[in-house]
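In what follows, a structure is listed as C-alpha coordinates, so that the remarks can point back to it.
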Amino acid sequence: MQVPVALEALLSDLVSEDDLRAADAVQRLAEVGEQACQPLLSLMQSSNPDHRWWATMALSEMDGSTATDGLIRALEDPDAAVRQAAALGLNQRPAISAIPRLIRALGDSDRLLARLAAGALAALGPEAVSPLTVALRSPDAAVRIEAVRAMAHIEDPSVVPTLFAALSDPSAVVVHLAEEGLNRMGVGMVYFEL
(Lines give C-alpha, C1' and ligand atoms only; values in the text may rest on other atoms or scores of the structure.)
Protein backbone atom coordinates (compact mmCIF):
# COMPACT_ATOMS: atom_id res chain seq x y z
CA MET A 1 0.00 0.00 0.00
CA GLN A 2 1.36 3.37 -1.06
CA VAL A 3 1.24 5.96 1.75
CA PRO A 4 0.65 9.54 0.54
CA VAL A 5 3.63 11.84 1.07
CA ALA A 6 1.78 14.17 3.48
CA LEU A 7 0.67 11.20 5.59
CA GLU A 8 4.18 9.76 5.55
CA ALA A 9 5.50 13.11 6.86
CA LEU A 10 2.99 13.01 9.74
CA LEU A 11 4.00 9.44 10.59
CA SER A 12 7.62 10.53 10.55
CA ASP A 13 6.79 13.34 12.99
CA LEU A 14 4.93 10.87 15.17
CA VAL A 15 8.06 8.74 15.66
CA SER A 16 10.53 11.63 15.65
CA GLU A 17 11.27 11.35 19.40
CA ASP A 18 10.35 15.02 19.62
CA ASP A 19 7.32 15.08 21.91
CA LEU A 20 5.97 18.39 20.59
CA ARG A 21 6.17 17.25 16.96
CA ALA A 22 4.65 13.91 17.88
CA ALA A 23 1.77 15.46 19.83
CA ASP A 24 1.04 17.78 16.92
CA ALA A 25 1.14 14.80 14.56
CA VAL A 26 -1.43 12.98 16.72
CA GLN A 27 -3.90 15.82 16.22
CA ARG A 28 -3.18 16.15 12.51
CA LEU A 29 -3.47 12.38 11.97
CA ALA A 30 -6.87 12.50 13.65
CA GLU A 31 -7.91 15.07 11.05
CA VAL A 32 -6.76 12.71 8.28
CA GLY A 33 -9.06 10.06 9.73
CA GLU A 34 -9.61 6.58 8.39
CA GLN A 35 -6.86 6.86 5.77
CA ALA A 36 -4.29 7.05 8.59
CA CYS A 37 -5.54 3.98 10.44
CA GLN A 38 -3.78 1.29 8.40
CA PRO A 39 -0.34 2.93 8.60
CA LEU A 40 -0.85 3.44 12.35
CA LEU A 41 -1.80 -0.21 12.78
CA SER A 42 1.38 -1.13 10.94
CA LEU A 43 3.35 1.15 13.24
CA MET A 44 1.88 -0.73 16.19
CA GLN A 45 3.92 -3.73 15.05
CA SER A 46 7.17 -1.81 15.65
CA SER A 47 9.72 -3.26 18.04
CA ASN A 48 10.03 0.24 19.54
CA PRO A 49 7.48 0.67 22.37
CA ASP A 50 7.57 4.47 21.99
CA HIS A 51 6.43 4.14 18.38
CA ARG A 52 3.63 1.80 19.45
CA TRP A 53 2.63 4.25 22.22
CA TRP A 54 2.39 7.20 19.85
CA ALA A 55 0.44 5.11 17.31
CA THR A 56 -1.97 4.13 20.09
CA MET A 57 -2.36 7.76 21.13
CA ALA A 58 -3.15 8.70 17.53
CA LEU A 59 -5.74 5.92 17.22
CA SER A 60 -7.30 7.18 20.46
CA GLU A 61 -8.17 10.41 18.70
CA MET A 62 -9.90 8.70 15.77
CA ASP A 63 -13.44 7.53 15.22
CA GLY A 64 -14.35 4.28 13.56
CA SER A 65 -14.11 0.56 14.08
CA THR A 66 -10.60 0.23 12.63
CA ALA A 67 -9.17 2.60 15.24
CA THR A 68 -11.20 0.94 17.99
CA ASP A 69 -9.98 -2.52 16.98
CA GLY A 70 -6.40 -1.23 17.12
CA LEU A 71 -6.96 0.09 20.65
CA ILE A 72 -8.45 -3.22 21.76
CA ARG A 73 -5.44 -5.11 20.37
CA ALA A 74 -3.12 -2.64 22.10
CA LEU A 75 -4.58 -3.75 25.46
CA GLU A 76 -2.46 -6.89 24.95
CA ASP A 77 0.78 -5.04 24.11
CA PRO A 78 3.85 -6.25 26.05
CA ASP A 79 4.59 -2.66 27.15
CA ALA A 80 2.52 -1.36 30.09
CA ALA A 81 2.56 2.24 28.82
CA VAL A 82 1.03 1.15 25.50
CA ARG A 83 -1.68 -0.82 27.34
CA GLN A 84 -2.37 2.24 29.50
CA ALA A 85 -2.69 4.46 26.43
CA ALA A 86 -5.13 1.97 24.89
CA ALA A 87 -7.30 1.88 28.04
CA LEU A 88 -7.27 5.67 28.19
CA GLY A 89 -8.31 5.82 24.54
CA LEU A 90 -11.15 3.38 25.19
CA ASN A 91 -12.28 5.59 28.06
CA GLN A 92 -12.61 8.47 25.59
CA ARG A 93 -14.17 6.25 22.92
CA PRO A 94 -16.14 3.52 24.73
CA ALA A 95 -16.53 0.28 22.79
CA ILE A 96 -18.67 -2.67 23.81
CA SER A 97 -16.33 -5.00 21.89
CA ALA A 98 -13.55 -4.04 24.33
CA ILE A 99 -15.37 -5.37 27.41
CA PRO A 100 -13.69 -8.82 27.60
CA ARG A 101 -10.17 -7.39 27.38
CA LEU A 102 -10.97 -4.53 29.74
CA ILE A 103 -12.33 -7.01 32.28
CA ARG A 104 -9.08 -9.01 32.01
CA ALA A 105 -7.11 -5.79 32.49
CA LEU A 106 -8.76 -5.27 35.88
CA GLY A 107 -6.41 -7.97 37.17
CA ASP A 108 -3.27 -6.70 35.46
CA SER A 109 -0.21 -6.38 37.69
CA ASP A 110 0.10 -2.79 36.44
CA ARG A 111 -2.40 -1.12 38.75
CA LEU A 112 -2.57 2.08 36.69
CA LEU A 113 -3.73 0.00 33.73
CA ALA A 114 -6.31 -1.69 35.96
CA ARG A 115 -7.61 1.71 37.11
CA LEU A 116 -7.78 3.00 33.51
CA ALA A 117 -9.60 -0.18 32.44
CA ALA A 118 -12.13 0.41 35.23
CA GLY A 119 -12.63 3.93 33.89
CA ALA A 120 -13.18 2.63 30.36
CA LEU A 121 -15.72 0.10 31.66
CA ALA A 122 -17.53 2.81 33.64
CA ALA A 123 -17.69 4.92 30.45
CA LEU A 124 -19.69 2.10 28.84
CA GLY A 125 -22.44 2.55 31.40
CA PRO A 126 -25.14 -0.12 31.71
CA GLU A 127 -23.52 -2.25 28.98
CA ALA A 128 -20.71 -3.12 31.42
CA VAL A 129 -22.86 -3.95 34.46
CA SER A 130 -23.25 -7.68 33.82
CA PRO A 131 -19.53 -8.39 33.17
CA LEU A 132 -18.56 -6.22 36.13
CA THR A 133 -20.99 -8.15 38.35
CA VAL A 134 -19.18 -11.34 37.35
CA ALA A 135 -15.79 -9.69 38.03
CA LEU A 136 -17.00 -8.82 41.54
CA ARG A 137 -17.05 -12.56 42.26
CA SER A 138 -13.31 -12.86 41.58
CA PRO A 139 -11.18 -14.34 44.36
CA ASP A 140 -8.67 -11.56 43.61
CA ALA A 141 -9.41 -8.51 45.78
CA ALA A 142 -7.62 -6.21 43.31
CA VAL A 143 -10.05 -7.25 40.55
CA ARG A 144 -13.05 -6.74 42.85
CA ILE A 145 -11.77 -3.30 43.85
CA GLU A 146 -11.53 -2.11 40.25
CA ALA A 147 -14.85 -3.74 39.31
CA VAL A 148 -16.70 -1.98 42.13
CA ARG A 149 -14.85 1.26 41.34
CA ALA A 150 -16.24 1.08 37.79
CA MET A 151 -19.75 0.18 38.95
CA ALA A 152 -19.75 3.02 41.48
CA HIS A 153 -19.38 5.46 38.57
CA ILE A 154 -22.14 3.99 36.42
CA GLU A 155 -25.21 6.09 37.10
CA ASP A 156 -27.82 3.49 36.36
CA PRO A 157 -30.29 1.85 38.77
CA SER A 158 -29.15 -1.60 37.61
CA VAL A 159 -25.95 -1.24 39.67
CA VAL A 160 -27.72 -0.70 43.00
CA PRO A 161 -28.32 -4.38 43.91
CA THR A 162 -24.73 -5.29 43.08
CA LEU A 163 -23.34 -2.36 45.06
CA PHE A 164 -25.49 -3.37 48.04
CA ALA A 165 -24.17 -6.93 47.75
CA ALA A 166 -20.61 -5.57 47.67
CA LEU A 167 -21.16 -4.06 51.13
CA SER A 168 -20.51 -7.53 52.57
CA ASP A 169 -17.23 -8.03 50.67
CA PRO A 170 -14.25 -9.04 52.86
CA SER A 171 -12.22 -6.15 51.40
CA ALA A 172 -12.70 -2.85 53.24
CA VAL A 173 -11.78 -1.01 50.03
CA VAL A 174 -14.55 -2.76 48.08
CA VAL A 175 -17.03 -1.87 50.83
CA HIS A 176 -15.89 1.76 50.88
CA LEU A 177 -16.15 2.12 47.09
CA ALA A 178 -19.60 0.49 47.09
CA GLU A 179 -20.75 2.93 49.80
CA GLU A 180 -19.40 5.86 47.78
CA GLY A 181 -21.23 4.67 44.68
CA LEU A 182 -24.51 4.25 46.56
CA ASN A 183 -24.12 7.69 48.12
CA ARG A 184 -23.32 9.22 44.73
CA MET A 185 -26.58 7.78 43.40
CA GLY A 186 -28.50 9.14 46.36
CA VAL A 187 -29.29 5.69 47.68
CA GLY A 188 -26.94 5.67 50.64
CA MET A 189 -27.53 3.57 53.67
CA VAL A 190 -31.12 2.83 54.56
CA TYR A 191 -31.96 2.24 58.19
CA PHE A 192 -35.01 0.34 59.27
CA GLU A 193 -36.77 0.84 62.58
CA LEU A 194 -37.56 -2.42 64.31
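Order determines the names: the first chain of the C-alpha coordinates is A, the second B, and so forth; residues in each chain are numbered 1 upward, and ligands are numbered 1 upward as they are shown.
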
Could you list, as a list in words, every residue within 7 Å of segment 97-110 of chain A, counting only C-alpha atoms and ignoring same-chain residues fewer than 6 positions away?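 The neighbour list is Ile72, Leu75, Ala80, Ala117, Ala118, Leu121, Ala142, Val143 and Glu146 of chain A.
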
Kindly save the residues from that selection, with N, CA and C atoms included, as a PDB file, in the first residue's frame.
```pdb
ATOM      1  N   ILE A  72      -8.160  -1.975  21.033  1.00  0.00           N
ATOM      2  CA  ILE A  72      -8.451  -3.221  21.758  1.00  0.00           C
ATOM      3  C   ILE A  72      -7.256  -4.157  21.679  1.00  0.00           C
ATOM      4  N   LEU A  75      -4.420  -3.351  24.059  1.00  0.00           N
ATOM      5  CA  LEU A  75      -4.576  -3.751  25.465  1.00  0.00           C
ATOM      6  C   LEU A  75      -3.745  -4.993  25.791  1.00  0.00           C
ATOM      7  N   ALA A  80       3.598  -1.869  29.240  1.00  0.00           N
ATOM      8  CA  ALA A  80       2.521  -1.359  30.094  1.00  0.00           C
ATOM      9  C   ALA A  80       2.046   0.022  29.650  1.00  0.00           C
ATOM     10  N   ALA A 117      -8.628   0.773  32.985  1.00  0.00           N
ATOM     11  CA  ALA A 117      -9.602  -0.182  32.440  1.00  0.00           C
ATOM     12  C   ALA A 117     -10.939  -0.023  33.159  1.00  0.00           C
ATOM     13  N   ALA A 118     -10.897   0.174  34.473  1.00  0.00           N
ATOM     14  CA  ALA A 118     -12.129   0.407  35.229  1.00  0.00           C
ATOM     15  C   ALA A 118     -12.831   1.663  34.717  1.00  0.00           C
ATOM     16  N   LEU A 121     -14.501   0.890  31.442  1.00  0.00           N
ATOM     17  CA  LEU A 121     -15.723   0.102  31.657  1.00  0.00           C
ATOM     18  C   LEU A 121     -16.846   1.000  32.190  1.00  0.00           C
ATOM     19  N   ALA A 142      -7.965  -7.320  44.203  1.00  0.00           N
ATOM     20  CA  ALA A 142      -7.620  -6.209  43.309  1.00  0.00           C
ATOM     21  C   ALA A 142      -8.618  -6.106  42.155  1.00  0.00           C
ATOM     22  N   VAL A 143      -9.057  -7.251  41.624  1.00  0.00           N
ATOM     23  CA  VAL A 143     -10.053  -7.255  40.547  1.00  0.00           C
ATOM     24  C   VAL A 143     -11.385  -6.730  41.083  1.00  0.00           C
ATOM     25  N   GLU A 146     -11.359  -2.875  41.491  1.00  0.00           N
ATOM     26  CA  GLU A 146     -11.527  -2.111  40.247  1.00  0.00           C
ATOM     27  C   GLU A 146     -12.918  -2.302  39.656  1.00  0.00           C
TER      28      GLU A 146
END
```

I want to know what sits within 9 Å of Leu41 of chain A, based on only C-alpha atoms, with residues of the same chain fewer than 5 positions away left out; could you give that as a list in words?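 Non-adjacent residues within range: Ala36, Arg52, Ala55, Thr56, Leu59, Thr66, Ala67 and Gly70 of chain A.
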
Find the residues around Leu40 of chain A up to 12 Å (only C-alpha atoms counted), leave out those fewer than 5 positions away in its own chain, and share them as a PyMOL selection string. chain A and resi 3+7-8+10-12+14-15+25-26+29-30+32-35+45-46+51-62+66-67+69-71+74

Enumerate, in order of chain and increasing residue number, the residues of segment 100-150 of chain A with an atom no farther than 7 Å from segment 163-187 of chain A, each with its shortest atom pair and distance in Å to one decimal, counting only C-alpha atoms, as JSON lines.
```
{"residue": "A:Ala141", "atom": "CA", "partner": "A:Ser171", "partner_atom": "CA", "distance": 6.7}
{"residue": "A:Arg144", "atom": "CA", "partner": "A:Val174", "partner_atom": "CA", "distance": 6.7}
{"residue": "A:Ile145", "atom": "CA", "partner": "A:Val174", "partner_atom": "CA", "distance": 5.1}
{"residue": "A:Val148", "atom": "CA", "partner": "A:Ala178", "partner_atom": "CA", "distance": 6.3}
{"residue": "A:Arg149", "atom": "CA", "partner": "A:Leu177", "partner_atom": "CA", "distance": 6.0}
```

Can you tell me which residues surround segment 125-133 of chain A at a distance of at most 8 Å, considering only C-alpha atoms, apart from same-chain residues fewer than 5 positions away, and format the answer as a PyMOL selection string? chain A and resi 96+99+103+147-148+150-151+154-156+158-159+162

Rounded to one decimal in Å, what is the spacing between atom CA of Gln84 of chain A and atom CA of Arg137 of chain A?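 Spanning atom CA of Gln84 of chain A to atom CA of Arg137 of chain A is a straight-line distance of 24.4 Å.
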
Suppose you want the space between atom CA of Met44 of chain A and atom CA of Glu17 of chain A; what is it in Å?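 Going from atom CA of Met44 of chain A over to atom CA of Glu17 of chain A, I get 15.6 Å.
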
Between atom CA of Ala122 of chain A and atom CA of Ala22 of chain A, what is the spacing in Å?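 According to the coordinates, atom CA of Ala22 of chain A and atom CA of Ala122 of chain A are separated by 29.4 Å.
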
Identify all residues of segment 17-131 of chain A in helix (DSSP H, G or I) (DSSP on the backbone) and supply them as a PyMOL selection string. chain A and resi 19-32+34-43+49-60+65-74+80-92+96-105+111-123+125-131

Using only C-alpha atoms, can you tell me which of A:Val134, A:Ala81, A:Ala152, A:Ala123 comes closest to Arg111 of chain A?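 Using only C-alpha atoms, the shortest distance to Arg111 of chain A belongs to A:Ala81.
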